[in-house]
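S.K.: Structure provided below as structure tokens; questions to follow.
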Amino acid sequence: MSYYFCIVGTQDQPLFELEFGTSKQGGDGVARFSQEARHMNPFIVHSSLDFVDELQWTNNQMYLKRIDQFASSHISTFLTPTSTRFMLLHLPHLPNTAPTSQPMPNSFPPFTPYTSVPPSTSTASRGTSSSSSTSIPNNPTSPQTEEAIRQFFGEVFEVWLKAIMNPFASTEGKIGSPVFRQRVVAAGRKYL
Amino acid sequence: MTSSEPEIGSPGGLSDRPQPELALRPSRGLTSSDLPAITASNPSSFVRIRTSLSASESRLPFIAERPSITKSRSPSNLRSQSHGRSSVSSRGSPPSSPANDSNEAHREIIVRSFAPRVAVFASPDTEEFVRQKGFKDGLSSLLRPYGERLYGRVVVRDSVGGSRGWDDFGIRFVDCQTLQKDSAHRAGVDVGNQNAQNPVNGSERVSEHNRSSYSNETNMSIEMVLDHYLQSAGSASEDQAKGHIESGGASHEPRPGSSPMYPIYLRKLLSSPSVVPYETFSHPVACLIAVSSRHPAPIEALRQLYSNTGHGSNKIPAWMGTDYLRYYVLIHDEENDDITKSTALFDLMKRHFGLHCHLLRLRRSQCVLTDDDSIRVPSCEWLSAAEEIEKLRLRDYADIAELSEKYILESDSTAIKSLLREMVTQSIVPFMESRVTTWNDQVASRRRGIGGRFMTLSKRWTGFGTAKNTTPSLVGVSNPSGSNYDYQHGFYPPETPESTMRQLGDYAFMLRDWKLAFSTYDFLRTDFGHDKAWSYHAAANEMAAITSLLTPPAINPKSRSESLDQMLETAAYSYLTRCSMPFNVNRCLTIAIELLESRGPIAADEAARWGGKLLELGVLAPSAQALTTERIADCYMSRLPTHWAAAGTRRRQAALWNILASDSWTRLNRPYQARARLREASSLYSLDNQGLPFPSMQGLWQRLNLALRDTGGADYEVLIDTSVAQDELELNTTEEKEQLNVITRPSIPSITNAEGFITQDASCTHPASLDDLQLQDDGFE
């Protein structure tokens with residue numbers, strides 16, 4: 001699984017961006033997005049803010065779970081009390097290998113980094129995939145993954161609180177602290 | 001209930017009196033035999049009708065409102081009734097509101113595409129006559145354009161007795177040749193598979209190859225048509241752009257509400273059906289048997305043609321029901337023949353064949369533009385993709401005379417129009433209505449009732465052993481005992497209740513009685529599922545979903561949308577995985593998207609979701625893919641923030657899908673469409689004011705912009721230059737802000753390469769910003 005983590009401010013501006021890979025099942029923690037996917041990720045995360053805005057009025061939890069899906073990548077969200085949003089995009093694939101991209105003529109999106117599941121089974125797999133495998137790197141819809149992401153978000157939230165307690169930082173400013181970055185990477189390594 | 005003549009308008013000269021044309025008849029016992037002699041007086045069947053009718057009368061009170069169905073009608077009776085119906089018509093086609101114009105248009109296309117089909121069987125002399133008039137493809141090509149949109153309003157009465165007028169009712173004429181060609185094609189495949197078939201897993205293997213090849217062919221031809229139109233649209237826009245430059249105006253192009261290409265695509269998608277067993281829309285509802293006054297023995301000729309339409313002829317495939325309406329037309333040549341002779345002949349015809357006859361008076365000579373009262377033949381709206389390609393190819397290679405518009409005398413045109421109007425309002429629609437009522441009473445309600453359910457259950461559960469014993473050759477076939485499904489050939493024979501009910505649903509659909517159609521399909525889909533008739537199962541699910549979308553929204557939309565999701569899911573899965581028919585998946589989901597979008601903002605979200613699924617299935621050809629992507633963007637754009645509602649908007653989703661559409665068009669090398677979509681996206685991201693929201697978005701944005709600038713279009717420079725400049729400006733202002741905060745933070749370098757994210761990433765790792773030091777001092781390490 002490859003992850004793209006982004007903290008989005010209230011004006012939809014990104015405050016912090018990070019890519020990392022899974023560390024479970026012998027993963028080396030390196031993100032393996034293709035070039036095209038890397039360019040698409042911010043667009044996808046930005047577009048799913050629409051759903052966050054809608055969900056925040058109906059859900060009183062801070063962790064909104066999996067809110068959106070674009071092809072085979074999924075987006076989970078954590079909403080802080082100040083409406084800063086933690087967005088995590090996760091693309092499932094086997095650890096330490098790039099997502100399989102079969103050059104299918106009719107696949108979507110045309111550049112195929114997101115179609116790691118064969119297209120013909122994607123309707124069928126909705127029901128079955130959750131039971132077939134429960135490992136975090138492979139299955140973004142399993143409860144285990146959901147719990148792992150919750151823990152990850154919880155830890156990031158703590159670190160983030162400490163970072164913005166800095167009297168010179170604003171909640172709407174970019175977070176450039178390398179320590180913060182290290183902490184987030186460590187949380188990713190620990191839970192994801 | 002005085003009559004039990006089974007065959008409507010069958011030849012054979014039963015008697016001199018006009019035949020009752022809406023006689024009820026049992027659908028099972030008699031349909032297989034078209035010979036009137038056998039069934040003219042069949043007391044047992046008569047008794048059966050009586051009992052079933054009396055039973056249904058007690059169950060369904062509305063039958064009492066239509067006592068005339070069961071009685072024989074005299075011609076005057078029929079006339080007066082049809083007039084009465086016209087006056088009764090409560091209200092017409094739904095008025096289209098200007099706000100949802102394109103949605104309404106798409107909905108209309110969908111509704112109109114499911115029209116009754118009429119097969120044309122013409123005698124050779126008739127074809128010769130029409131060819132002399134300048135219509136090379138025979139009578140069906142002459143009638144076809146007029147049938148697509150009938151002149152005047154057609155009033156249809158639904159199953160609960162309410163009547164409704166439709167202005168856009170139409171019928172499609174198909175030549176008997178094409179019908180035969182299709183069926184022959186399929187029959188050949190069926191026979192071929194029959195030998196090679198393994199009975200163990202041969203439940204749905206029949207002509208699978210044929211299906212997928214058909215799907216591919218259709219997809220290909222639709223793609224070619226789209227290609228042609230895209231080409232012309234692109235060149236037209238370039239001309240337009242040149243005009244702008246010449247006039248020196250920096251005119252802003254109007255915002256494309258939805259692509260003009262999309263209705264074309266939708267129309268082509270829906271007008272390319274194949275004749276298949278699992279849905280009866282492509283089966284003829286009626287057939288038109290034509291003979292000209294030139295023929296030496298017209299009655300004999302009609303008889304001969306009639307026998308071609310029946311079950312005995314090998315031209316009709318075994319899975320197609322043959323109890324459709326026969327309509328007889330005598331074409332009178334105004335220039336060469338005597339009208340008194342023709343009238344006498346026509347009277348004779350009426351006596352022989354009953355009421356479904358018409359005398360069409362045409363002139364033989366070919367008409368040209370310069371003639372006095374010439375009138376242009378309307379063009380066909382519902383050409384299938386293959387035909388359209390044929391036409392376009394002709395336009396490319398043939399000389400000018402070939403493609404000039406066809407003209408016809410005004411008197412001829414009026415005669416044809418009145419023929420079609422009379423045929424539809426007095427024969428086809430009443431025929432279909434009576435069929436629907438009959439089937440509803442005799443087949444559907446019997447199966448819907450408690451007894452019917454019990455019967456199917458008991459059939460399913462009791463005879464486990466018997467089926468295996470009786471058919472030892474089929475041991476191992478997962479054949480639920482008692483099912484009517486023909487596992488070897490993969491269809492239900494036309495006289496089985498399942499097949500009849502499917503036809504009932506389709507007839508109700510074509511008469512636009514969505515409620516009855518929905519209840520029928522809903523009932524059928526479980527039956528087909530039990531029988532493992534997967535293509536039928538998928539088609540019934542598809543139609544159930546479509547009809548449930550066509551009926552007005554229910555009170556609790558939640559449960560409805562769940563069942564709708566399930567139906568669409570099942571249809572898509574069965575079509576694709578079990579039957580490998582990607583074309584049908586495309587059709588099913590595209591219709592669902594359109595109908596959902598016309599239901600308002602909440603459903604538009606659903607529509608977009610299904611659109612995403614359709615794209616993921618990977619069944620679309622490239623142009624279709626781009627068009628569907630555009631359509632999803634349109635769905636989200638229908639939920640843009642308005643001045644009164646800001647919550648629950650989909651601005652960012654719309655922007656994403658516009659980008660994706662632009663990307664798809666760029667890949668297809670269609671810069672005009674790509675530019676329009678990119679412009680849309682830039683306005684959604686409000687690029688003019690604040691630039692792209694994420695700096696890391698620059699990578700894709702720049703790539704698209706550069707690709708579009710390279711492919712030409714001088715007017716495009718403006719957009720790309722401003723966007724970059726704006727972005728730099730924006731970055732500068734943030735820097736200033738940061739400086740005000742007395743925080744020295746590495747500024748993000750303005751990104752010019754395509755590695756937006758990487759650059760950004762690297763810049764973030766710069767150490768030694770003030771707040772970090774601060775944090776360390778605070779014991780934050």
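Letters for chains follow the order of the structure tokens (A, B, ...), residue numbers begin at 1 for each chain, and ligand numbers begin at 1 in the order shown.
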Select residues of chain B: the criterion is any atom within 6 Å of an atom of chain A, counting only C-alpha atoms; output as a PyMOL selection string.

M.R.: chain B and resi 615-618+620-621+648+650+652-653+693-694+697+699-700+764+772

S.K.: Create the file for the chosen residues now, containing N, CA, C and O atoms and written as a compact mmCIF listing (two decimals), in the first residue's frame.

M.R.:
# COMPACT_ATOMS: atom_id res chain seq x y z
N LEU B 615 -16.86 3.60 -15.76
CA LEU B 615 -15.52 3.82 -16.29
C LEU B 615 -14.57 2.74 -15.79
O LEU B 615 -13.72 2.25 -16.52
N GLU B 616 -14.72 2.39 -14.51
CA GLU B 616 -13.80 1.41 -13.94
C GLU B 616 -13.96 0.03 -14.56
O GLU B 616 -13.02 -0.76 -14.58
N LEU B 617 -15.16 -0.26 -15.04
CA LEU B 617 -15.37 -1.58 -15.62
C LEU B 617 -14.53 -1.78 -16.88
O LEU B 617 -14.32 -2.90 -17.30
N GLY B 618 -14.11 -0.68 -17.48
CA GLY B 618 -13.23 -0.80 -18.63
C GLY B 618 -13.90 -1.36 -19.86
O GLY B 618 -13.29 -2.09 -20.63
N LEU B 620 -15.59 0.68 -22.04
CA LEU B 620 -15.88 1.77 -22.99
C LEU B 620 -14.74 1.96 -23.98
O LEU B 620 -13.57 1.80 -23.64
N ALA B 621 -15.12 2.32 -25.16
CA ALA B 621 -14.13 2.73 -26.15
C ALA B 621 -13.64 4.13 -25.79
O ALA B 621 -14.32 4.84 -25.04
N GLY B 648 -23.18 21.10 0.90
CA GLY B 648 -23.34 19.90 0.09
C GLY B 648 -23.08 20.12 -1.38
O GLY B 648 -23.68 19.46 -2.21
N ARG B 650 -20.66 20.33 -4.87
CA ARG B 650 -19.68 19.42 -5.45
C ARG B 650 -18.74 20.17 -6.39
O ARG B 650 -18.38 19.68 -7.43
N ARG B 652 -15.56 20.91 -6.05
CA ARG B 652 -14.23 20.33 -6.20
C ARG B 652 -14.27 19.03 -6.99
O ARG B 652 -13.38 18.74 -7.78
N GLN B 653 -15.33 18.25 -6.77
CA GLN B 653 -15.48 17.04 -7.58
C GLN B 653 -15.64 17.39 -9.05
O GLN B 653 -15.05 16.75 -9.93
N PRO B 693 -5.34 25.35 -5.73
CA PRO B 693 -5.33 25.24 -4.26
C PRO B 693 -4.11 24.50 -3.73
O PRO B 693 -3.58 24.88 -2.70
N PHE B 694 -3.66 23.47 -4.40
CA PHE B 694 -2.48 22.74 -3.95
C PHE B 694 -1.33 23.06 -4.89
O PHE B 694 -1.49 22.91 -6.10
N MET B 697 -0.43 20.47 -7.41
CA MET B 697 -1.27 20.21 -8.56
C MET B 697 -0.65 20.70 -9.85
O MET B 697 -1.10 20.36 -10.94
N GLY B 699 1.90 20.02 -11.49
CA GLY B 699 2.46 19.06 -12.44
C GLY B 699 1.51 18.72 -13.56
O GLY B 699 1.79 18.94 -14.74
N LEU B 700 0.33 18.21 -13.17
CA LEU B 700 -0.64 17.80 -14.18
C LEU B 700 -1.17 18.99 -14.95
O LEU B 700 -1.36 18.95 -16.16
N CYS B 764 10.37 21.11 1.55
CA CYS B 764 9.88 20.99 2.91
C CYS B 764 10.95 20.45 3.86
O CYS B 764 10.82 20.59 5.06
N ASP B 772 10.82 25.51 14.34
CA ASP B 772 11.43 24.26 14.75
C ASP B 772 12.33 24.48 15.96
O ASP B 772 12.30 23.72 16.93

S.K.: Just the residues within 9 Å of A:Met1, please, counting only C-alpha atoms, with nothing from its chain fewer than 3 positions along; format it as a VMD selection string.

M.R.: chain A and resid 21 to 23 27 31 to 32 90 to 96 99 136 to 140 192

S.K.: Rounded to one decimal place, report the atom CA of B:Arg677-atom CA of B:Asn658 distance in Å.

M.R.: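 These two atoms are separated by 5.4 Å.
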
S.K.: With distances taken over only C-alpha atoms, which residue among A:Ala98, A:Leu89, A:Ile7, A:Ala148 lies nearest A:Trp160?

M.R.: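 Between A:Ala98, A:Leu89, A:Ile7, A:Ala148, the residue approaching A:Trp160 most closely is A:Ile7.
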
S.K.: Taking the DSSP secondary structure from the backbone, can you list the residues of stretch 470-711 of chain B that are alpha helix (DSSP H), as a short mmCIF file (atom, residue, chain, number, x, y, z; two decimals) with C-alpha atoms, in the first residue's frame?

M.R.:
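In the end it all went to states-v7.cif:
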data_model
loop_
_atom_site.label_atom_id
_atom_site.label_comp_id
_atom_site.auth_asym_id
_atom_site.auth_seq_id
_atom_site.Cartn_x
_atom_site.Cartn_y
_atom_site.Cartn_z
CA THR B 470 -36.28 -38.25 -17.07
CA PRO B 497 -45.07 -18.04 -19.10
CA GLU B 498 -41.61 -16.52 -18.51
CA SER B 499 -41.24 -15.52 -22.11
CA THR B 500 -44.77 -14.18 -22.23
CA MET B 501 -44.25 -12.12 -19.12
CA ARG B 502 -41.07 -10.65 -20.46
CA GLN B 503 -43.06 -9.66 -23.52
CA LEU B 504 -45.76 -8.24 -21.30
CA GLY B 505 -43.19 -6.10 -19.55
CA ASP B 506 -41.73 -4.92 -22.81
CA TYR B 507 -45.14 -4.10 -24.29
CA ALA B 508 -46.05 -2.17 -21.17
CA PHE B 509 -42.73 -0.36 -21.42
CA MET B 510 -43.30 0.55 -25.04
CA TRP B 514 -43.89 2.14 -16.28
CA LYS B 515 -45.61 0.86 -13.19
CA LEU B 516 -46.90 -2.31 -14.78
CA ALA B 517 -43.60 -2.82 -16.55
CA PHE B 518 -41.70 -2.44 -13.31
CA SER B 519 -43.85 -4.91 -11.40
CA THR B 520 -43.46 -7.41 -14.21
CA TYR B 521 -39.71 -7.10 -14.47
CA ASP B 522 -39.37 -7.14 -10.73
CA PHE B 523 -41.23 -10.39 -10.59
CA LEU B 524 -39.29 -11.89 -13.47
CA ARG B 525 -35.83 -11.17 -12.23
CA THR B 526 -36.08 -13.56 -9.32
CA ASP B 527 -37.53 -16.24 -11.58
CA PHE B 528 -34.72 -15.90 -14.07
CA GLY B 529 -32.22 -15.92 -11.26
CA HIS B 530 -33.61 -19.22 -9.97
CA ASP B 531 -33.44 -20.70 -13.44
CA TRP B 534 -28.24 -15.23 -16.81
CA SER B 535 -28.79 -13.14 -19.88
CA TYR B 536 -32.50 -12.99 -19.10
CA HIS B 537 -31.65 -12.28 -15.49
CA ALA B 538 -29.41 -9.38 -16.42
CA ALA B 539 -31.88 -7.93 -18.89
CA ALA B 540 -34.76 -8.12 -16.42
CA ASN B 541 -32.67 -6.44 -13.75
CA GLU B 542 -31.66 -3.74 -16.18
CA MET B 543 -35.21 -3.02 -17.22
CA ALA B 544 -36.49 -3.14 -13.65
CA ALA B 545 -33.93 -0.51 -12.71
CA ILE B 546 -34.81 1.65 -15.69
CA THR B 547 -38.54 1.46 -15.13
CA SER B 548 -38.18 2.19 -11.45
CA LEU B 549 -36.25 5.29 -12.46
CA LEU B 550 -38.92 6.31 -14.94
CA PRO B 557 -36.04 7.37 -1.53
CA LYS B 558 -33.63 5.55 0.73
CA SER B 559 -34.93 2.03 0.37
CA ARG B 560 -35.60 2.68 -3.25
CA SER B 561 -32.06 3.68 -4.02
CA GLU B 562 -30.79 0.59 -2.26
CA SER B 563 -32.89 -1.73 -4.36
CA LEU B 564 -31.94 0.26 -7.42
CA ASP B 565 -28.27 -0.12 -6.62
CA GLN B 566 -28.74 -3.81 -6.20
CA MET B 567 -30.54 -4.17 -9.51
CA LEU B 568 -27.93 -2.21 -11.41
CA GLU B 569 -25.15 -4.09 -9.71
CA THR B 570 -26.70 -7.43 -10.59
CA ALA B 571 -27.36 -6.39 -14.16
CA ALA B 572 -23.83 -5.15 -14.68
CA TYR B 573 -22.31 -8.19 -13.07
CA PRO B 582 -19.89 -5.34 -22.45
CA PHE B 583 -22.10 -3.37 -24.78
CA ASN B 584 -25.17 -4.09 -22.69
CA VAL B 585 -23.37 -3.04 -19.53
CA ASN B 586 -22.60 0.24 -21.17
CA ARG B 587 -26.17 0.74 -22.31
CA CYS B 588 -27.64 -0.21 -18.94
CA LEU B 589 -25.43 2.06 -16.88
CA THR B 590 -25.56 4.95 -19.31
CA ILE B 591 -29.34 4.96 -19.23
CA ALA B 592 -29.26 4.73 -15.46
CA ILE B 593 -26.90 7.69 -15.25
CA GLU B 594 -29.10 9.82 -17.46
CA LEU B 595 -32.30 8.98 -15.64
CA LEU B 596 -30.70 9.49 -12.26
CA GLU B 597 -29.35 12.84 -13.26
CA PRO B 601 -29.33 16.98 -7.08
CA ILE B 602 -29.21 14.04 -4.68
CA ALA B 603 -29.65 11.53 -7.46
CA ALA B 604 -27.06 13.35 -9.54
CA ASP B 605 -24.52 12.26 -6.97
CA GLU B 606 -25.60 8.68 -7.48
CA ALA B 607 -25.40 9.17 -11.21
CA ALA B 608 -21.83 10.33 -10.92
CA ARG B 609 -21.00 7.37 -8.73
CA TRP B 610 -22.38 4.96 -11.30
CA GLY B 611 -20.51 6.83 -13.97
CA GLY B 612 -17.30 6.22 -12.09
CA LYS B 613 -18.16 2.55 -11.85
CA LEU B 614 -18.91 2.33 -15.54
CA LEU B 615 -15.52 3.82 -16.29
CA GLU B 616 -13.80 1.41 -13.94
CA LEU B 617 -15.37 -1.58 -15.62
CA PRO B 622 -11.88 5.79 -25.82
CA SER B 623 -14.29 8.44 -27.12
CA ALA B 624 -17.14 6.98 -25.14
CA GLN B 625 -14.90 7.04 -22.11
CA ALA B 626 -14.14 10.71 -22.56
CA LEU B 627 -17.81 11.50 -23.08
CA THR B 628 -18.79 9.60 -19.96
CA THR B 629 -16.13 11.42 -17.99
CA GLU B 630 -17.58 14.68 -19.21
CA ARG B 631 -20.99 13.52 -18.20
CA ILE B 632 -19.82 12.83 -14.66
CA ALA B 633 -18.40 16.31 -14.53
CA ASP B 634 -21.79 17.60 -15.68
CA CYS B 635 -23.50 15.61 -12.95
CA TYR B 636 -21.33 17.24 -10.33
CA MET B 637 -21.67 20.62 -11.93
CA ARG B 651 -17.47 22.15 -6.85
CA ARG B 652 -14.23 20.33 -6.20
CA GLN B 653 -15.48 17.04 -7.58
CA ALA B 654 -16.69 18.81 -10.69
CA ALA B 655 -13.28 20.38 -11.11
CA LEU B 656 -11.56 17.01 -10.77
CA TRP B 657 -13.76 15.36 -13.35
CA ASN B 658 -13.36 18.25 -15.73
CA ILE B 659 -9.62 17.80 -15.45
CA LEU B 660 -9.99 14.10 -16.10
CA ALA B 661 -12.20 14.76 -19.11
CA SER B 662 -9.71 17.25 -20.42
CA ASP B 663 -6.98 14.69 -19.94
CA SER B 664 -8.98 12.06 -21.82
CA TRP B 665 -9.62 14.39 -24.71
CA THR B 666 -5.98 15.36 -24.83
CA ARG B 667 -5.02 11.74 -25.09
CA PRO B 671 -7.79 19.78 -28.32
CA TYR B 672 -11.06 21.62 -28.81
CA GLN B 673 -12.99 19.52 -26.32
CA ALA B 674 -10.00 19.30 -23.99
CA ARG B 675 -9.65 23.06 -23.92
CA ALA B 676 -13.31 23.60 -23.18
CA ARG B 677 -13.09 21.26 -20.23
CA LEU B 678 -9.87 22.75 -18.94
CA ARG B 679 -11.42 26.19 -19.09
CA GLU B 680 -14.31 24.86 -17.10
CA ALA B 681 -11.94 23.43 -14.53
CA SER B 682 -9.98 26.63 -14.23
CA SER B 683 -13.14 28.55 -13.48
CA LEU B 684 -14.13 25.96 -10.90
CA LEU B 687 -7.84 30.21 -11.01
CA ASP B 688 -8.16 33.90 -11.76
CA ASN B 689 -8.40 34.81 -8.12
CA GLN B 690 -6.28 32.45 -6.13
CA GLN B 698 0.95 22.18 -10.89
CA GLY B 699 2.46 19.06 -12.44
CA LEU B 700 -0.64 17.80 -14.18
CA TRP B 701 -1.97 21.26 -14.84
CA GLN B 702 1.18 22.31 -16.62
CA ARG B 703 1.31 19.12 -18.60
CA LEU B 704 -2.23 19.59 -19.86
CA ASN B 705 -1.67 23.23 -20.65
CA LEU B 706 1.52 22.57 -22.53
CA ALA B 707 -0.04 19.73 -24.49
CA LEU B 708 -2.94 21.93 -25.47
CA ARG B 709 -0.73 24.85 -26.38
CA ASP B 710 1.40 22.64 -28.58
#

S.K.: Determine, counting only C-alpha atoms, which protein, DNA and RNA residues have an atom within 12 Å of an atom of B:Pro378; residues of the same chain fewer than 4 positions away are not included. Present the result as a ChimeraX atom specification.

M.R.: /B:141-150,382,405-408,413,417

S.K.: Quick one: residues within 9 Å of B:Ser221, only C-alpha atoms, excluding same-chain residues fewer than 3 positions away - as a ChimeraX atom specification?

M.R.: /B:216-218,224-226,385-386,388-389
